[in-house]
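Below: model_27.cif (mmCIF, C-alpha atoms and all ligand atoms)
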```cif
data_model
#
loop_
_atom_site.group_PDB
_atom_site.id
_atom_site.type_symbol
_atom_site.label_atom_id
_atom_site.label_comp_id
_atom_site.auth_asym_id
_atom_site.auth_seq_id
_atom_site.Cartn_x
_atom_site.Cartn_y
_atom_site.Cartn_z
ATOM 1 C CA MET A 18 64.442 173.694 134.185
ATOM 2 C CA ASN A 19 67.183 174.311 131.682
ATOM 3 C CA MET A 20 66.235 172.105 128.747
ATOM 4 C CA GLU A 21 69.325 172.971 126.674
ATOM 5 C CA GLY A 22 71.588 171.892 129.522
ATOM 6 C CA ASN A 23 69.628 168.690 129.788
ATOM 7 C CA LEU A 24 69.994 167.970 126.107
ATOM 8 C CA ASP A 25 73.754 168.492 126.306
ATOM 9 C CA THR A 26 73.886 165.857 129.028
ATOM 10 C CA ILE A 27 71.769 163.576 126.880
ATOM 11 C CA HIS A 28 74.178 163.862 123.947
ATOM 12 C CA HIS A 29 77.029 162.642 126.149
ATOM 13 C CA LEU A 30 75.090 159.407 126.618
ATOM 14 C CA PHE A 31 75.243 158.435 122.960
ATOM 15 C CA SER A 32 77.538 155.529 122.385
ATOM 16 C CA LYS A 33 80.890 156.095 120.738
ATOM 17 C CA HIS A 34 80.402 152.789 118.908
ATOM 18 C CA TYR A 35 77.730 154.153 116.592
ATOM 19 C CA LYS A 36 78.804 157.354 114.882
ATOM 20 C CA SER A 37 77.648 156.810 111.311
ATOM 21 C CA GLU A 38 74.903 155.120 109.289
ATOM 22 C CA GLN A 39 77.501 152.500 108.367
ATOM 23 C CA ASP A 40 78.213 151.676 112.044
ATOM 24 C CA CYS A 41 74.490 151.211 112.706
ATOM 25 C CA MET A 42 73.909 149.132 109.585
ATOM 26 C CA ASP A 43 76.862 146.887 110.479
ATOM 27 C CA ALA A 44 75.359 146.357 113.951
ATOM 28 C CA LEU A 45 71.950 145.489 112.453
ATOM 29 C CA ILE A 46 73.491 143.039 109.976
ATOM 30 C CA ALA A 47 75.388 141.383 112.841
ATOM 31 C CA ALA A 48 72.147 141.152 114.860
ATOM 32 C CA LYS A 49 70.228 139.730 111.896
ATOM 33 C CA TRP A 50 72.832 137.137 110.899
ATOM 34 C CA PRO A 51 75.088 136.539 113.939
ATOM 35 C CA SER A 52 76.938 133.715 112.158
ATOM 36 C CA GLY A 53 76.882 135.254 108.683
ATOM 37 C CA PHE A 54 74.287 135.520 105.896
ATOM 38 C CA VAL A 55 71.607 132.823 105.645
ATOM 39 C CA CYS A 56 69.209 132.970 102.679
ATOM 40 C CA PRO A 57 65.612 133.204 103.998
ATOM 41 C CA LYS A 58 64.394 131.191 100.965
ATOM 42 C CA CYS A 59 66.908 128.322 100.657
ATOM 43 C CA ASN A 60 69.224 128.582 103.723
ATOM 44 C CA HIS A 61 72.293 128.929 101.477
ATOM 45 C CA THR A 62 75.057 130.902 103.196
ATOM 46 C CA GLY A 63 76.915 132.342 100.190
ATOM 47 C CA CYS A 64 75.844 135.750 98.927
ATOM 48 C CA SER A 65 76.964 138.861 97.113
ATOM 49 C CA ARG A 66 76.361 142.279 98.585
ATOM 50 C CA LEU A 67 74.939 145.021 96.383
ATOM 51 C CA THR A 68 76.209 148.092 98.159
ATOM 52 C CA SER A 69 75.052 150.900 95.898
ATOM 53 C CA ARG A 70 72.047 151.603 98.114
ATOM 54 C CA ARG A 71 71.443 153.260 101.488
ATOM 55 C CA ILE A 72 70.137 149.939 102.743
ATOM 56 C CA PRO A 73 72.321 147.164 101.295
ATOM 57 C CA LEU A 74 70.785 144.262 99.402
ATOM 58 C CA PHE A 75 72.162 140.761 99.677
ATOM 59 C CA GLU A 76 71.747 138.369 96.762
ATOM 60 C CA CYS A 77 71.774 134.648 97.482
ATOM 61 C CA GLY A 78 74.535 132.859 95.582
ATOM 62 C CA CYS A 79 72.329 129.787 95.111
ATOM 63 C CA CYS A 80 68.727 130.871 94.328
ATOM 64 C CA GLY A 81 69.339 134.538 93.491
ATOM 65 C CA HIS A 82 66.817 135.771 96.104
ATOM 66 C CA GLN A 83 67.501 139.360 97.119
ATOM 67 C CA THR A 84 66.922 140.496 100.686
ATOM 68 C CA SER A 85 67.755 143.430 102.927
ATOM 69 C CA PRO A 86 68.778 142.995 106.548
ATOM 70 C CA LEU A 87 65.790 145.139 107.544
ATOM 71 C CA VAL A 88 63.102 142.870 106.018
ATOM 72 C CA GLY A 89 60.804 141.526 108.733
ATOM 73 C CA THR A 90 62.233 143.854 111.393
ATOM 74 C CA LEU A 91 60.948 146.923 113.209
ATOM 75 C CA PHE A 92 63.137 149.096 110.956
ATOM 76 C CA GLU A 93 61.690 147.863 107.654
ATOM 77 C CA GLY A 94 60.552 150.781 105.487
ATOM 78 C CA THR A 95 61.961 153.455 107.810
ATOM 79 C CA HIS A 96 62.873 156.777 106.207
ATOM 80 C CA LEU A 97 64.789 157.938 109.254
ATOM 81 C CA PRO A 98 68.556 157.751 109.604
ATOM 82 C CA LEU A 99 69.500 154.610 111.534
ATOM 83 C CA LEU A 100 71.626 156.790 113.790
ATOM 84 C CA LYS A 101 68.442 158.427 115.120
ATOM 85 C CA TRP A 102 67.009 154.979 115.834
ATOM 86 C CA PHE A 103 70.161 153.963 117.676
ATOM 87 C CA GLN A 104 70.138 157.159 119.738
ATOM 88 C CA THR A 105 66.476 156.563 120.566
ATOM 89 C CA ILE A 106 67.286 153.042 121.712
ATOM 90 C CA GLU A 107 69.924 154.433 124.057
ATOM 91 C CA LEU A 108 67.545 157.004 125.505
ATOM 92 C CA PHE A 109 64.806 154.369 125.832
ATOM 93 C CA LEU A 110 67.259 152.470 128.064
ATOM 94 C CA LEU A 111 67.720 155.362 130.509
ATOM 95 C CA PRO A 112 66.650 154.156 133.991
ATOM 96 C CA ASP A 113 63.203 155.809 133.607
ATOM 97 C CA GLY A 114 63.056 155.892 129.808
ATOM 98 C CA ILE A 115 62.281 159.091 127.918
ATOM 99 C CA SER A 116 59.100 160.918 126.936
ATOM 100 C CA ALA A 117 58.280 161.691 123.299
ATOM 101 C CA MET A 118 58.536 165.414 124.106
ATOM 102 C CA ARG A 119 62.124 165.115 125.326
ATOM 103 C CA LEU A 120 63.094 162.729 122.538
ATOM 104 C CA HIS A 121 61.712 165.099 119.897
ATOM 105 C CA LYS A 122 64.048 167.816 121.170
ATOM 106 C CA ALA A 123 67.022 165.542 121.804
ATOM 107 C CA ILE A 124 67.276 163.955 118.357
ATOM 108 C CA ARG A 125 65.538 166.713 116.337
ATOM 109 C CA VAL A 126 62.567 164.903 114.854
ATOM 110 C CA THR A 127 58.921 166.000 115.025
ATOM 111 C CA TYR A 128 56.958 165.185 118.162
ATOM 112 C CA LYS A 129 54.803 162.749 116.196
ATOM 113 C CA THR A 130 57.857 160.922 114.839
ATOM 114 C CA ALA A 131 59.350 160.723 118.334
ATOM 115 C CA TRP A 132 56.054 159.385 119.716
ATOM 116 C CA LEU A 133 55.868 156.792 116.961
ATOM 117 C CA MET A 134 59.484 155.640 117.339
ATOM 118 C CA LEU A 135 59.036 155.100 121.080
ATOM 119 C CA HIS A 136 55.772 153.241 120.566
ATOM 120 C CA LYS A 137 57.357 151.022 117.916
ATOM 121 C CA ILE A 138 60.198 150.088 120.259
ATOM 122 C CA ARG A 139 57.660 149.555 123.046
ATOM 123 C CA HIS A 140 55.731 147.280 120.676
ATOM 124 C CA ALA A 141 58.858 145.186 119.957
ATOM 125 C CA VAL A 142 59.587 144.932 123.671
ATOM 126 C CA GLY A 143 56.022 143.794 124.398
ATOM 127 C CA GLU A 144 55.979 141.204 121.618
ATOM 128 C CA PHE A 145 59.323 139.806 122.729
ATOM 129 C CA ASP A 146 58.287 139.705 126.382
ATOM 130 C CA ALA A 147 54.967 137.999 125.624
ATOM 131 C CA ARG A 148 56.834 135.013 124.175
ATOM 132 C CA GLU A 149 58.878 134.496 127.353
ATOM 133 C CA ARG A 150 56.817 132.950 130.122
ATOM 134 C CA LEU A 151 57.727 132.892 133.814
ATOM 135 C CA SER A 152 59.391 129.663 134.918
ATOM 136 C CA GLY A 153 61.226 128.248 137.930
ATOM 137 C CA ASP A 154 60.414 129.808 141.316
ATOM 138 C CA VAL A 155 57.381 132.006 140.541
ATOM 139 C CA LYS A 156 55.405 134.324 142.873
ATOM 140 C CA VAL A 157 52.089 135.885 141.872
ATOM 141 C CA ASN A 158 50.333 138.804 143.647
ATOM 142 C CA CYS A 159 46.854 140.243 143.199
ATOM 143 C CA ASP A 160 47.726 143.894 143.719
ATOM 144 C CA GLN A 161 46.642 147.453 142.884
ATOM 145 C CA TYR A 162 48.597 149.685 140.476
ATOM 146 C CA GLY A 163 48.527 153.424 141.132
ATOM 147 C CA THR A 164 47.726 153.565 144.854
ATOM 148 C CA ASN A 165 49.752 154.231 147.926
ATOM 149 C CA PRO A 166 49.120 151.268 150.237
ATOM 150 C CA SER A 167 50.361 153.189 153.283
ATOM 151 C CA ARG A 168 47.423 155.598 152.974
ATOM 152 C CA CYS A 169 43.818 154.689 153.423
ATOM 153 C CA GLN A 170 42.014 155.915 150.350
ATOM 154 C CA PHE A 171 38.645 155.922 148.702
ATOM 155 C CA PRO A 172 38.711 154.052 145.407
ATOM 156 C CA ASN A 173 41.218 156.004 143.334
ATOM 157 C CA PRO A 174 39.835 156.730 139.830
ATOM 158 C CA PHE A 175 43.238 156.112 138.240
ATOM 159 C CA ALA A 176 44.151 152.970 140.167
ATOM 160 C CA SER A 177 43.670 149.565 138.630
ATOM 161 C CA ALA A 178 43.694 145.979 139.770
ATOM 162 C CA VAL A 179 46.724 144.076 138.499
ATOM 163 C CA VAL A 180 47.940 140.527 138.633
ATOM 164 C CA VAL A 181 51.731 140.560 138.968
ATOM 165 C CA GLY A 182 54.143 137.681 138.578
ATOM 166 C CA CYS A 183 57.894 137.312 138.968
ATOM 167 C CA THR A 184 60.620 134.742 138.886
ATOM 168 C CA VAL A 185 62.937 134.575 141.891
ATOM 169 C CA THR A 186 66.579 133.582 141.425
ATOM 170 C CA GLU A 187 68.452 131.221 143.761
ATOM 171 C CA SER A 188 70.001 134.239 145.476
ATOM 172 C CA GLY A 189 66.500 135.586 146.162
ATOM 173 C CA ASP A 190 66.484 138.413 143.600
ATOM 174 C CA LEU A 191 63.533 139.154 141.342
ATOM 175 C CA ASP A 192 64.395 138.497 137.713
ATOM 176 C CA GLN A 193 61.603 138.501 135.123
ATOM 177 C CA ILE A 194 58.437 140.434 136.027
ATOM 178 C CA LYS A 195 55.016 140.700 134.408
ATOM 179 C CA ILE A 196 52.411 143.257 135.460
ATOM 180 C CA HIS A 197 49.018 142.452 133.950
ATOM 181 C CA LEU A 198 46.419 145.253 134.086
ATOM 182 C CA LEU A 199 42.754 144.480 134.655
ATOM 183 C CA LEU A 200 41.475 147.667 133.057
ATOM 184 C CA HIS A 201 37.798 146.818 133.534
ATOM 185 C CA LYS A 202 38.449 147.180 137.283
ATOM 186 C CA ARG A 203 40.096 150.608 136.940
ATOM 187 C CA GLY A 204 38.779 153.064 139.523
ATOM 188 C CA THR A 205 36.558 150.526 141.275
ATOM 189 C CA GLY A 206 38.898 149.513 144.076
ATOM 190 C CA ASN A 207 38.105 145.881 143.237
ATOM 191 C CA ARG A 208 40.919 143.355 143.158
ATOM 192 C CA ALA A 209 41.521 140.438 140.846
ATOM 193 C CA THR A 210 39.336 137.389 141.431
ATOM 194 C CA ARG A 211 40.724 133.891 141.858
ATOM 195 C CA HIS A 212 39.579 133.190 138.330
ATOM 196 C CA GLU A 213 41.625 136.132 136.982
ATOM 197 C CA LEU A 214 44.611 134.962 139.023
ATOM 198 C CA ALA A 215 44.302 131.493 137.479
ATOM 199 C CA ALA A 216 43.949 133.014 133.987
ATOM 200 C CA PHE A 217 47.169 135.016 134.509
ATOM 201 C CA ILE A 218 49.054 131.887 135.547
ATOM 202 C CA ASN A 219 47.648 130.027 132.563
ATOM 203 C CA GLU A 220 48.761 132.739 130.137
ATOM 204 C CA HIS A 221 52.062 133.956 131.580
ATOM 205 C CA VAL A 222 53.570 131.042 133.529
ATOM 206 C CA ASP A 223 55.204 127.936 132.113
ATOM 207 C CA VAL A 224 53.253 125.688 134.477
ATOM 208 C CA GLU A 225 55.164 122.559 133.369
ATOM 209 C CA THR A 226 58.420 123.771 134.923
ATOM 210 C CA ALA A 227 57.364 126.433 137.433
ATOM 211 C CA THR A 228 56.647 126.215 141.138
ATOM 212 C CA VAL A 229 53.986 128.855 141.754
ATOM 213 C CA ASP A 230 53.199 130.585 145.066
ATOM 214 C CA ALA A 231 50.064 132.696 144.700
ATOM 215 C CA PHE A 232 49.191 135.622 146.984
ATOM 216 C CA PRO A 233 45.562 136.545 146.321
ATOM 217 C CA LEU A 234 44.959 138.408 149.596
ATOM 218 C CA ALA A 235 45.612 142.141 149.964
ATOM 219 C CA TYR A 236 47.085 141.881 153.484
ATOM 220 C CA LYS A 237 49.393 139.012 152.622
ATOM 221 C CA LEU A 238 51.218 139.933 149.427
ATOM 222 C CA TYR A 239 54.732 138.948 148.409
ATOM 223 C CA LEU A 240 56.386 142.216 149.438
ATOM 224 C CA PRO A 241 59.388 142.416 147.025
ATOM 225 C CA LEU A 242 56.914 142.138 144.165
ATOM 226 C CA ARG A 243 54.562 144.747 145.638
ATOM 227 C CA ARG A 244 57.601 147.073 145.764
ATOM 228 C CA VAL A 245 58.174 146.610 142.020
ATOM 229 C CA VAL A 246 54.586 147.706 141.304
ATOM 230 C CA ARG A 247 55.172 150.849 143.402
ATOM 231 C CA ASP A 248 58.495 151.503 141.622
ATOM 232 C CA ALA A 249 56.816 151.083 138.232
ATOM 233 C CA TRP A 250 54.164 153.624 139.191
ATOM 234 C CA GLU A 251 56.784 156.128 140.439
ATOM 235 C CA SER A 252 58.913 155.679 137.332
ATOM 236 C CA LEU A 253 56.026 156.086 134.875
ATOM 237 C CA LYS A 254 54.777 159.152 136.748
ATOM 238 C CA SER A 255 58.227 160.752 136.692
ATOM 239 C CA THR A 256 58.698 160.307 132.936
ATOM 240 C CA TYR A 257 55.224 160.561 131.439
ATOM 241 C CA VAL A 258 53.377 162.521 134.184
ATOM 242 C CA ALA A 259 49.881 161.244 133.297
ATOM 243 C CA LEU A 260 49.062 158.197 131.216
ATOM 244 C CA GLY A 261 45.632 157.222 129.981
ATOM 245 C CA PRO A 262 44.494 153.612 130.028
ATOM 246 C CA LYS A 263 44.951 152.995 126.290
ATOM 247 C CA TYR A 264 48.703 152.353 126.251
ATOM 248 C CA LEU A 265 49.257 151.752 129.970
ATOM 249 C CA GLN A 266 49.842 148.018 129.503
ATOM 250 C CA ALA A 267 52.506 148.789 126.871
ATOM 251 C CA TYR A 268 54.235 151.229 129.256
ATOM 252 C CA LEU A 269 54.160 148.657 132.066
ATOM 253 C CA ASN A 270 55.720 146.066 129.750
ATOM 254 C CA GLU A 271 58.365 148.626 128.826
ATOM 255 C CA TYR A 272 59.079 149.192 132.522
ATOM 256 C CA THR A 273 59.425 145.513 133.426
ATOM 257 C CA VAL A 274 61.560 144.646 130.394
ATOM 258 C CA ARG A 275 63.826 147.650 130.965
ATOM 259 C CA ARG A 276 64.194 146.725 134.618
ATOM 260 C CA ARG A 277 65.365 143.290 133.529
ATOM 261 C CA LEU A 278 67.729 144.678 130.873
ATOM 262 C CA HIS A 279 69.378 146.725 133.628
ATOM 263 C CA LEU A 280 70.129 143.651 135.741
ATOM 264 C CA PRO A 281 73.823 142.678 135.616
ATOM 265 C CA ALA A 282 74.320 141.643 131.977
ATOM 266 C CA ALA A 283 75.703 138.343 130.844
ATOM 267 C CA ARG A 284 76.635 137.868 127.194
ATOM 268 C CA MET A 285 75.180 140.909 125.447
ATOM 269 C CA THR A 286 74.895 144.548 126.472
ATOM 270 C CA MET A 287 71.384 145.866 127.076
ATOM 271 C CA HIS A 288 71.699 147.928 123.894
ATOM 272 C CA GLN A 289 72.448 144.776 121.877
ATOM 273 C CA LYS A 290 69.556 142.950 123.535
ATOM 274 C CA LEU A 291 67.107 145.736 122.698
ATOM 275 C CA VAL A 292 68.365 145.886 119.090
ATOM 276 C CA THR A 293 67.837 142.119 118.896
ATOM 277 C CA MET A 294 64.227 142.540 120.088
ATOM 278 C CA CYS A 295 63.648 145.166 117.389
ATOM 279 C CA MET A 296 65.183 142.933 114.727
ATOM 280 C CA ALA A 297 62.960 140.014 115.768
ATOM 281 C CA THR A 298 59.721 142.022 115.481
ATOM 282 C CA PRO A 299 58.054 142.996 112.181
ATOM 283 C CA ALA A 300 57.350 146.710 111.679
ATOM 284 C CA ILE A 301 54.031 148.154 112.844
ATOM 285 C CA SER A 302 52.442 151.211 111.204
ATOM 286 C CA TYR A 303 51.033 154.309 112.875
ATOM 287 C CA ASN A 304 47.491 153.220 111.980
ATOM 288 C CA GLN A 305 48.009 149.746 113.382
ATOM 289 C CA LEU A 306 49.390 151.239 116.572
ATOM 290 C CA ILE A 307 46.539 153.646 117.231
ATOM 291 C CA THR A 308 43.756 151.215 116.332
ATOM 292 C CA ARG A 309 45.236 148.457 118.445
ATOM 293 C CA GLN A 310 42.832 147.839 121.291
ATOM 294 C CA PRO A 311 44.038 146.859 124.729
ATOM 295 C CA LYS A 312 43.598 143.131 125.133
ATOM 296 C CA LEU A 313 40.202 142.010 126.364
ATOM 297 C CA PRO A 314 40.110 141.453 130.076
ATOM 298 C CA LEU A 315 40.798 137.799 130.754
ATOM 299 C CA ALA A 316 37.470 137.298 132.488
ATOM 300 C CA ILE A 317 35.515 138.647 129.532
ATOM 301 C CA ALA A 318 37.604 136.799 126.954
ATOM 302 C CA ALA A 319 37.232 133.520 128.817
HETATM 303 ZN ZN ZN B 401 68.721 131.340 98.377
#
```
Before we go any further, please render this structure as structure tokens.
Ligand SMILES: [Zn+2]
Amino acid sequence: MNMEGNLDTIHHLFSKHYKSEQDCMDALIAAKWPSGFVCPKCNHTGCSRLTSRRIPLFECGCCGHQTSPLVGTLFEGTHLPLLKWFQTIELFLLPDGISAMRLHKAIRVTYKTAWLMLHKIRHAVGEFDARERLSGDVKVNCDQYGTNPSRCQFPNPFASAVVVGCTVTESGDLDQIKIHLLLHKRGTGNRATRHELAAFINEHVDVETATVDAFPLAYKLYLPLRRVVRDAWESLKSTYVALGPKYLQAYLNEYTVRRRLHLPAARMTMHQKLVTMCMATPAISYNQLITRQPKLPLAIAA
């Protein structure tokens, strides 16, 4: 495979809107304060801008509080050029995402930096997604991730039970999706229990407004949703080759959120939406990322 050729193609993908640090900073300020500056201390809207720094400071005209647009966001404390972040966001939005190895070559940062940037964005995506529960017409499957259902197999050591939920639009399309791994069942061939199905609904579905159809039986699943689980597996395999269990839930969240960002957009572009997610999520450090344990299985936590 000709990697240089690939990277040339990648560079054509970078948006013409963001060519300089200034362009990126302007976009972040617009995402932070869509209707203009609001003081985080006193809600006053008048401010003066101290522009002598790489990251501008805004001083409230009422209480004198100074704040940067990056405070409380994923980009707080970053030493990297914002342009590299914006390019990473664009590559993250490729139909199958991008691996840290390819990113490291494409934007010329170390492999570790590339890995960390992708995991930070993944973290923002996961946090944002966790706050949005499924509502309306909801279907829930008890399925297996990482197996080919058309082949009869012994328990696959890399396959895992999942509970999967989606919302279905009036035109019958799948909109929001959540794939919840049951890692304690990885490699056993066991499926989710009714209790785990109920726990998923309790955690991820807005039961006040939703109508839920549950499909707990292997031979009677909601097929469009089963297809999404297969697609997720294919996509993750194609980009990351082999993934261990530690971050698999984060990668699945990345897949389902990206899939939704690619649906026909309404008000904002998918790039703007992803920037908004990053601006709404406080920064996470390398140490926090690597010591973060996968969530306890619902059955054990309960
Ligand atoms: Zn103020």
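Residues in contact with Thr210 in chain A at 12 Å, where all atoms listed in the file are counted and same-chain residues fewer than 6 positions away are skipped, are listed as Asn158, Cys159, Asp160, Ala178, Val179, Val180, Leu199, Lys202, Ala216, Phe217, Phe232, Pro233, Leu234, Ala235, Leu315 and Ala316 of chain A.
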Rows by chain and residue number, chain A within 7 Å of ligand ZN 401 (chain B), shortest pair, all atoms listed in the file, as CSV:
```
residue,atom,partner,partner_atom,distance
A:Cys56,CA,B:ZN401,ZN,4.6
A:Pro57,CA,B:ZN401,ZN,6.7
A:Lys58,CA,B:ZN401,ZN,5.0
A:Cys59,CA,B:ZN401,ZN,4.2
A:Asn60,CA,B:ZN401,ZN,6.0
A:His61,CA,B:ZN401,ZN,5.3
A:Cys77,CA,B:ZN401,ZN,4.6
A:Gly78,CA,B:ZN401,ZN,6.6
A:Cys79,CA,B:ZN401,ZN,5.1
A:Cys80,CA,B:ZN401,ZN,4.1
A:Gly81,CA,B:ZN401,ZN,5.9
A:His82,CA,B:ZN401,ZN,5.3
```
* What is the CA of Thr186 in chain A-CA of Cys295 in chain A distance in Å, reported with one decimal? ->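 It comes out at 26.8 Å.
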* Asked: For Gly182 in chain A, which of A:Asp230, A:Glu144, A:Glu93, A:Glu225 is the closest residue, counting all atoms listed in the file?
  -> A:Asp230
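Distances here use all atoms listed in the file; by that measure, the residue among A:Glu76, A:Ala123, A:Met42, A:Thr62 closest to Leu30 in chain A is A:Ala123.
Note that the spacing between CA of Val155 in chain A and CA of Glu187 in chain A amounts to 11.6 Å.
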* One decimal, Å: what's the distance from CA of Tyr35 in chain A over to CA of Ile138 in chain A, could you say? =>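 Computing it gives 18.4 Å between the two atoms.
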* To do: Please tell me which residues are no farther than 9 Å from (59.7, 144.9, 116.7) in the file, counting all atoms listed in the file, and write them as JSON, numbers by chain.
  => {"A": [89, 90, 91, 92, 137, 138, 139, 140, 141, 142, 143, 144, 145, 293, 294, 295, 296, 297, 298, 299, 300, 301]}
* What's the 12 Å shell around range 272-281 of chain A, counting all atoms listed in the file, without same-chain residues fewer than 5 positions away, as number ranges by chain? -> A: 106-115, 138-147, 149, 181-184, 190-197, 242, 245-254, 256, 265-267, 286-292, 294
* **Result set, the PyMOL selection byres (((chain A and resi 303) around 10) and not hetatm) on current file, as a list of chain:residue names** =>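 So the PyMOL selection byres (((chain A and resi 303) around 10) and not hetatm), applied here, picks out A:Lys129, A:Thr130, A:Trp132, A:Leu133, A:Met134, A:His136, A:Lys137, A:Ala300, A:Ile301, A:Ser302, A:Asn304, A:Gln305, A:Leu306, A:Ile307, A:Thr308, A:Arg309.
Proximity to Gly53 in chain A was assessed for A:Ala176, A:Val222, A:Pro86, A:Ala215 counting all atoms listed in the file; the smallest distance is recorded for A:Pro86.
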